[in-house]
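Heads up: the structure comes next, in structure tokens.
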Amino acid sequence: MSSIHIRGARVIDPAHGVDAVRDLWIDGGRIVAAPGDGRPATTTIDGAGCVVMAGGIDLHSHIGGGKVNLARLLLPEQHRIGAEPWPLPDNLLELASCGGCAPGTLATGYRYTEMGYTAAFEPAMVVANARHAHMEMGDVPIIDHGAYVMAGNDELFLEMLARGEDFERIRDYLGWTVNATKAMGVKVVNPAGISAFKFNQRKLDVDQPHVHWQVTPRQVLHTLARALQSLGVPHPLHIHGSNLGVAGNIESTLLTIDALDGLPGHLTHIQFHSYGTEGPKKFSSAALQLAEAVNANLNISIDVGQIMFGQTVTASGDTMRQHAQSGLGNPRKWVGADIECEAGCGVVPFRYREQSFVNALQWAIGLEIFLLVNDPWRVVLTTDHPNGGPFTSYPHLIRLLMDKSFRDEQLAKLHPDVAANAALKQMDRELSLSEIAVMTRAGPARLLGLKDRGHLAPGAAADVVIYRDQPDREAMFATPLHVWKDGVEVARDGRLLQVVPGGTHFVEPEFDRA
């Protein structure tokens, strides 16, 4: 493996407080200190006018497992142009793969790599489907991967909670689950709500009892968060809260934070959980309330789940909410499934429209959250791919966050009531390159406990990206100049150079195997 010297680039490494012009060396697949023996590098790259960051890490992206395949199958029209299939790749390194808003495994790895991302994590792996989910993620080339196993809706857990089983026994059951599925963390979707839906319950708020088990989402949340802390799992409980997409659900979100009682929790796709009931349409932004709660509770981290306009498909374990939203499907079709008495699945195609009041306000709410939360280390840049939009829209999202004039131009194109009245219009904050590096690299690595990723200190894995420093941040982040994965240059100028296998990240917490 060749040694590489990147000379005179602006190196941005927030994990070590670095934002300065300096040199960087890569050798043996790792970042290394400057060689003291005078040995020249195999390759020297002039970094003048360039920005160097660690490889991007997507903390929450639906890239593997049954629901993703259902999303692909549900929209065959996404994989062809008119009546013709998508053209074959012009790069001989690429194999044909379905495209659209739910791309195939191969295209997923190719597109992430071309943008400078080197890892992505599947947020909803079902226990019964874990072997298949890992096989599918393993088919995604180049980028590292891992998954959070779903818990909190299976009948055994709820029965143990209802019976008042000892906490240690429930903790060890969760420890067994994480180990058996080779998971990176634990995800709870609509706590107890997926199970309640199967008992014909159509709504379950944080302090409302499950119609059969008589346990509440509050109990589920606190027990799971406490168990993960006891097991020493680095990533906090990954929480898809109650009442996703419902006007007024900010109250449920605040109650969810309260239910954790100071324990670590990561609130995912929080844009979909930050709605008020103000105004004539009884649907309003609660971004300020959400941001105040996150700023005040240091145990809480979030990812945003920004919506992006255009066609996508929503794929979720939240059968209760997907059933409720199925009538809004565009095109008009959907899939719902019960999975082995432990989870659910709902897939609904959707088109976000600029002239829809609700969609325009959702877009504004997500951006408001990004700009209102003070600590970038506790905010992760996501679109909840593909639910809010495809991950390929990240460069556009980054420009929206870094360029107020561009943001204002886009806001002016939306539904007139949103364009005129959104709080976003008054927000002058523009995120810096360092803050973007935190939200897309250093922050996710810290939240996942990835000690050798997301930074550029000696000893770190050589997942390195060089960008041209351009005023148009969308163009800058869409097409990096160089991308290295574990010291191998895998892309240059947005074109793949090598296709290598990615690694699998998982944790193995200790538990009483008896």
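Residue numbers start at 1 in each chain; chains themselves are named A, B, ... in the order of the structure tokens; ligands are numbered from 1 in the order shown.
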
Q: Tell me, as a list in words, which residues lie within 10 Å of Phe370 in chain A, counting only C-alpha atoms; anything in the same chain fewer than 6 positions away does not count.
A: Gln271, Ala287, Ala291, Ile302, Asp303, Val304, Gln306, Pro376, Val379, Val380, Leu381, Leu401, Arg429, Leu431 and Met439 of chain A

Could you take the residues named above and write them with all heavy atoms, as a short mmCIF file (atom, residue, chain, number, x, y, z; two decimals), in the first residue's frame?
```cif
data_model
loop_
_atom_site.label_atom_id
_atom_site.label_comp_id
_atom_site.auth_asym_id
_atom_site.auth_seq_id
_atom_site.Cartn_x
_atom_site.Cartn_y
_atom_site.Cartn_z
N GLN A 271 -37.22 16.15 12.80
CA GLN A 271 -38.10 17.07 12.07
C GLN A 271 -39.53 16.56 12.06
O GLN A 271 -40.48 17.35 12.18
CB GLN A 271 -37.56 17.26 10.64
CG GLN A 271 -38.39 18.16 9.75
CD GLN A 271 -39.57 17.45 9.11
OE1 GLN A 271 -40.68 17.98 9.09
NE2 GLN A 271 -39.35 16.25 8.60
N ALA A 287 -40.02 24.05 16.06
CA ALA A 287 -38.56 23.93 16.07
C ALA A 287 -37.93 24.64 17.26
O ALA A 287 -36.97 24.15 17.86
CB ALA A 287 -37.98 24.47 14.76
N ALA A 291 -35.59 22.88 19.95
CA ALA A 291 -34.20 23.32 20.13
C ALA A 291 -33.93 23.73 21.57
O ALA A 291 -32.86 23.43 22.13
CB ALA A 291 -33.90 24.48 19.18
N ILE A 302 -29.56 14.44 18.43
CA ILE A 302 -30.61 14.32 17.42
C ILE A 302 -29.99 14.14 16.04
O ILE A 302 -28.85 14.50 15.80
CB ILE A 302 -31.53 15.56 17.38
CG1 ILE A 302 -30.73 16.83 17.03
CG2 ILE A 302 -32.26 15.75 18.70
CD1 ILE A 302 -31.58 18.07 16.78
N ASP A 303 -30.75 13.53 15.14
CA ASP A 303 -30.52 13.76 13.71
C ASP A 303 -31.81 14.33 13.15
O ASP A 303 -32.89 14.12 13.70
CB ASP A 303 -30.05 12.50 12.99
CG ASP A 303 -31.05 11.36 13.01
OD1 ASP A 303 -32.07 11.45 12.31
OD2 ASP A 303 -30.79 10.36 13.71
N VAL A 304 -31.72 15.07 12.06
CA VAL A 304 -32.83 15.94 11.68
C VAL A 304 -33.85 15.26 10.78
O VAL A 304 -35.06 15.42 10.95
CB VAL A 304 -32.30 17.23 11.03
CG1 VAL A 304 -33.45 18.07 10.47
CG2 VAL A 304 -31.52 18.05 12.07
N GLN A 306 -34.10 15.81 7.40
CA GLN A 306 -34.55 16.92 6.54
C GLN A 306 -35.31 16.40 5.33
O GLN A 306 -34.87 15.45 4.68
CB GLN A 306 -33.32 17.71 6.07
CG GLN A 306 -33.63 18.84 5.13
CD GLN A 306 -34.39 19.98 5.79
OE1 GLN A 306 -34.17 20.27 6.96
NE2 GLN A 306 -35.26 20.62 5.05
N PRO A 376 -23.24 21.70 17.70
CA PRO A 376 -23.25 20.84 16.50
C PRO A 376 -22.85 19.40 16.79
O PRO A 376 -23.13 18.51 15.97
CB PRO A 376 -22.24 21.53 15.57
CG PRO A 376 -21.35 22.31 16.47
CD PRO A 376 -22.22 22.76 17.62
N VAL A 379 -25.98 17.25 16.87
CA VAL A 379 -26.88 17.32 15.71
C VAL A 379 -26.20 16.62 14.54
O VAL A 379 -25.08 16.96 14.18
CB VAL A 379 -27.19 18.78 15.30
CG1 VAL A 379 -28.20 18.80 14.16
CG2 VAL A 379 -27.69 19.58 16.48
N VAL A 380 -26.89 15.65 13.94
CA VAL A 380 -26.32 14.90 12.82
C VAL A 380 -27.11 15.23 11.56
O VAL A 380 -28.34 15.26 11.58
CB VAL A 380 -26.34 13.39 13.09
CG1 VAL A 380 -25.78 12.62 11.91
CG2 VAL A 380 -25.55 13.07 14.36
N LEU A 381 -26.39 15.45 10.46
CA LEU A 381 -27.02 15.79 9.19
C LEU A 381 -27.54 14.52 8.53
O LEU A 381 -26.77 13.63 8.17
CB LEU A 381 -26.00 16.50 8.29
CG LEU A 381 -26.52 17.07 6.97
CD1 LEU A 381 -25.83 18.39 6.65
CD2 LEU A 381 -26.31 16.09 5.82
N LEU A 401 -27.57 25.14 4.41
CA LEU A 401 -27.14 25.46 5.78
C LEU A 401 -25.99 26.45 5.82
O LEU A 401 -25.82 27.16 6.81
CB LEU A 401 -26.74 24.17 6.51
CG LEU A 401 -27.86 23.16 6.74
CD1 LEU A 401 -27.31 21.85 7.27
CD2 LEU A 401 -28.91 23.72 7.70
N ARG A 429 -27.94 32.75 10.66
CA ARG A 429 -26.81 31.86 10.90
C ARG A 429 -26.45 31.08 9.63
O ARG A 429 -27.32 30.57 8.92
CB ARG A 429 -27.14 30.87 12.03
CG ARG A 429 -25.99 29.94 12.38
CD ARG A 429 -26.40 28.97 13.49
NE ARG A 429 -25.34 28.02 13.79
CZ ARG A 429 -25.49 26.96 14.58
NH1 ARG A 429 -26.66 26.75 15.17
NH2 ARG A 429 -24.49 26.14 14.80
N LEU A 431 -23.78 27.95 8.74
CA LEU A 431 -22.87 27.00 9.35
C LEU A 431 -21.50 27.09 8.69
O LEU A 431 -21.38 27.36 7.49
CB LEU A 431 -23.41 25.58 9.22
CG LEU A 431 -24.74 25.29 9.92
CD1 LEU A 431 -25.04 23.79 9.89
CD2 LEU A 431 -24.76 25.80 11.35
N MET A 439 -21.04 17.71 12.06
CA MET A 439 -22.35 17.08 11.85
C MET A 439 -22.30 15.88 10.92
O MET A 439 -23.19 15.03 10.97
CB MET A 439 -23.33 18.11 11.27
CG MET A 439 -23.72 19.22 12.22
SD MET A 439 -24.87 20.37 11.42
CE MET A 439 -25.22 21.50 12.77
#
```

Q: If you run DSSP over the backbone, which residues in range 211-401 of chain A end up helix (DSSP H, G or I)? Put them as JSON, numbers by chain.
A: {"A": [217, 218, 219, 220, 221, 222, 223, 224, 225, 226, 227, 228, 229, 230, 231, 250, 251, 252, 253, 254, 255, 256, 257, 258, 259, 260, 270, 271, 272, 273, 287, 288, 289, 290, 291, 292, 293, 294, 295, 296, 319, 320, 321, 322, 323, 324, 325, 326, 327, 328, 357, 358, 359, 360, 361, 362, 363, 364, 365, 366, 367, 368, 369, 370, 371, 372, 376, 377, 378, 391, 392, 393, 394, 395, 396, 397, 398, 399, 400, 401]}

Q.
Under the rule that only C-alpha atoms are counted, which of A:Ala133, A:Ile239, A:Leu244, A:Ile170 is the nearest residue to Arg226 in chain A?
A. A:Ile170

Q: Apply DSSP to the backbone of this structure and, from range 216-449 of chain A, keep only the residues in strand (DSSP E); write these as a ChimeraX atom specification.
A: /A:237-240,265-267,275-276,284-285,300-303,310-316,335-339,343-352,379-380

Q.
Need to verify the contact set: Gly66 in chain A, 10 Å, only C-alpha atoms, exclusion of same-chain residues closer than 5 positions in sequence. Can you return it as a list of chain:residue names?
A.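 The contact residues come out as A:Ala71, A:Ala124, A:Met125, A:Val126, A:Asn129, A:Ala130, A:His132, A:Ala133, A:Glu136, A:Ala315, A:Cys345.
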
Selection file, N, CA, C and O atoms, as a compact mmCIF listing (two decimals), in the first residue's frame:
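Below is the file result.txt, written as the result:
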```txt
# COMPACT_ATOMS: atom_id res chain seq x y z
N ALA A 71 -39.40 -1.31 -0.63
CA ALA A 71 -39.43 0.02 -1.25
C ALA A 71 -38.97 -0.05 -2.70
O ALA A 71 -39.53 0.61 -3.58
N ALA A 124 -32.70 0.25 11.37
CA ALA A 124 -33.89 -0.52 11.76
C ALA A 124 -33.75 -1.98 11.33
O ALA A 124 -34.42 -2.42 10.40
N MET A 125 -32.88 -2.71 12.00
CA MET A 125 -32.68 -4.13 11.71
C MET A 125 -33.56 -4.97 12.64
O MET A 125 -33.49 -4.87 13.85
N VAL A 126 -34.40 -5.79 12.05
CA VAL A 126 -35.29 -6.66 12.82
C VAL A 126 -34.53 -7.92 13.24
O VAL A 126 -33.75 -8.47 12.45
N ASN A 129 -34.77 -10.82 10.98
CA ASN A 129 -34.27 -10.54 9.64
C ASN A 129 -32.80 -10.12 9.67
O ASN A 129 -32.27 -9.65 8.66
N ALA A 130 -32.13 -10.29 10.81
CA ALA A 130 -30.78 -9.73 10.97
C ALA A 130 -29.79 -10.36 10.01
O ALA A 130 -28.93 -9.67 9.44
N HIS A 132 -30.25 -11.61 7.03
CA HIS A 132 -30.43 -11.05 5.69
C HIS A 132 -29.96 -9.60 5.63
O HIS A 132 -29.34 -9.18 4.64
N ALA A 133 -30.27 -8.81 6.67
CA ALA A 133 -29.86 -7.40 6.67
C ALA A 133 -28.34 -7.29 6.57
O ALA A 133 -27.82 -6.45 5.81
N GLU A 136 -27.20 -8.15 3.06
CA GLU A 136 -27.47 -7.08 2.11
C GLU A 136 -26.53 -5.91 2.31
O GLU A 136 -26.01 -5.34 1.34
N ALA A 315 -40.09 4.37 4.16
CA ALA A 315 -40.00 2.98 4.60
C ALA A 315 -39.70 2.98 6.10
O ALA A 315 -38.67 3.49 6.52
N CYS A 345 -43.69 -3.14 9.57
CA CYS A 345 -43.08 -2.49 8.42
C CYS A 345 -44.16 -1.85 7.59
O CYS A 345 -45.19 -2.47 7.30
```

Q: Quick one: pull the distance between CA of Ser2 in chain A and CA of Gly28 in chain A, Å, one decimal.
A: 7.3 Å

Q: Quick one: everything within 10 Å of Asn295 in chain A, counting only C-alpha atoms, minus sequence neighbours fewer than 4 positions away in the same chain. Send it as a ChimeraX atom specification.
A: /A:289-291,299-301,372-375,378

Q. So which residues touch Ile466 in chain A within 10 Å, counting only C-alpha atoms, skipping near sequence neighbours fewer than 4 positions away, as a PyMOL selection string?
A. chain A and resi 6+9-11+47+50-55+116+476-477+479-484+492-493

Q: Find the residues near Glu168 in chain A: any atom within 9 Å, counting only C-alpha atoms, skip ones fewer than 3 places away on the same chain, and give them as number ranges by chain.
A: A: 165, 171-173, 227, 512

Q: Between A:Pro35, A:Gly502, A:Phe197, A:Tyr467, single out the one closest to Leu106 in chain A, counting only C-alpha atoms.
A: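 So, comparing all the options, the nearest one is A:Gly502.
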
Show me a table, sorted first by chain and then by increasing residue number, of the residues of range 255-302 of chain A having an atom at most 9 Å from range 208-224 of chain A, each with its shortest atom pair and the distance in Å to one decimal, counting only C-alpha atoms and written as a Markdown table.
```
| residue | atom | partner | partner_atom | distance |
| --- | --- | --- | --- | --- |
| A:Leu255 | CA | A:Arg218 | CA | 8.2 |
| A:Thr256 | CA | A:Arg218 | CA | 7.0 |
| A:Asp258 | CA | A:Arg218 | CA | 8.7 |
| A:Ala259 | CA | A:Arg218 | CA | 5.3 |
| A:Leu260 | CA | A:His222 | CA | 5.2 |
| A:Asp261 | CA | A:His222 | CA | 7.5 |
| A:Leu263 | CA | A:His222 | CA | 7.9 |
```

Write a file of the just-selected residues containing N, CA and C atoms, as an mmCIF file, in the first residue's frame.
```cif
data_model
loop_
_atom_site.group_PDB
_atom_site.id
_atom_site.type_symbol
_atom_site.label_atom_id
_atom_site.label_comp_id
_atom_site.auth_asym_id
_atom_site.auth_seq_id
_atom_site.Cartn_x
_atom_site.Cartn_y
_atom_site.Cartn_z
ATOM 1 N N LEU A 255 -42.183 14.926 26.157
ATOM 2 C CA LEU A 255 -42.420 13.869 27.142
ATOM 3 C C LEU A 255 -41.422 12.721 26.982
ATOM 4 N N THR A 256 -41.009 12.460 25.746
ATOM 5 C CA THR A 256 -39.995 11.429 25.505
ATOM 6 C C THR A 256 -38.681 11.812 26.160
ATOM 7 N N ASP A 258 -38.360 13.765 28.700
ATOM 8 C CA ASP A 258 -38.614 13.643 30.139
ATOM 9 C C ASP A 258 -38.551 12.202 30.595
ATOM 10 N N ALA A 259 -39.053 11.276 29.761
ATOM 11 C CA ALA A 259 -39.084 9.854 30.134
ATOM 12 C C ALA A 259 -37.687 9.284 30.325
ATOM 13 N N LEU A 260 -36.702 9.844 29.640
ATOM 14 C CA LEU A 260 -35.335 9.334 29.765
ATOM 15 C C LEU A 260 -34.719 9.664 31.115
ATOM 16 N N ASP A 261 -35.255 10.688 31.787
ATOM 17 C CA ASP A 261 -34.810 11.034 33.138
ATOM 18 C C ASP A 261 -33.293 11.202 33.209
ATOM 19 N N LEU A 263 -31.011 9.961 31.195
ATOM 20 C CA LEU A 263 -30.235 8.920 30.520
ATOM 21 C C LEU A 263 -29.969 9.344 29.073
#
```

Q: For Leu92 in chain A, list every protein, DNA or RNA residue within 12 Å, evaluated using only C-alpha atoms, and leave out those in the same chain fewer than 3 positions away; present the list as a ChimeraX atom specification.
A: /A:88-89,95-96,495-499
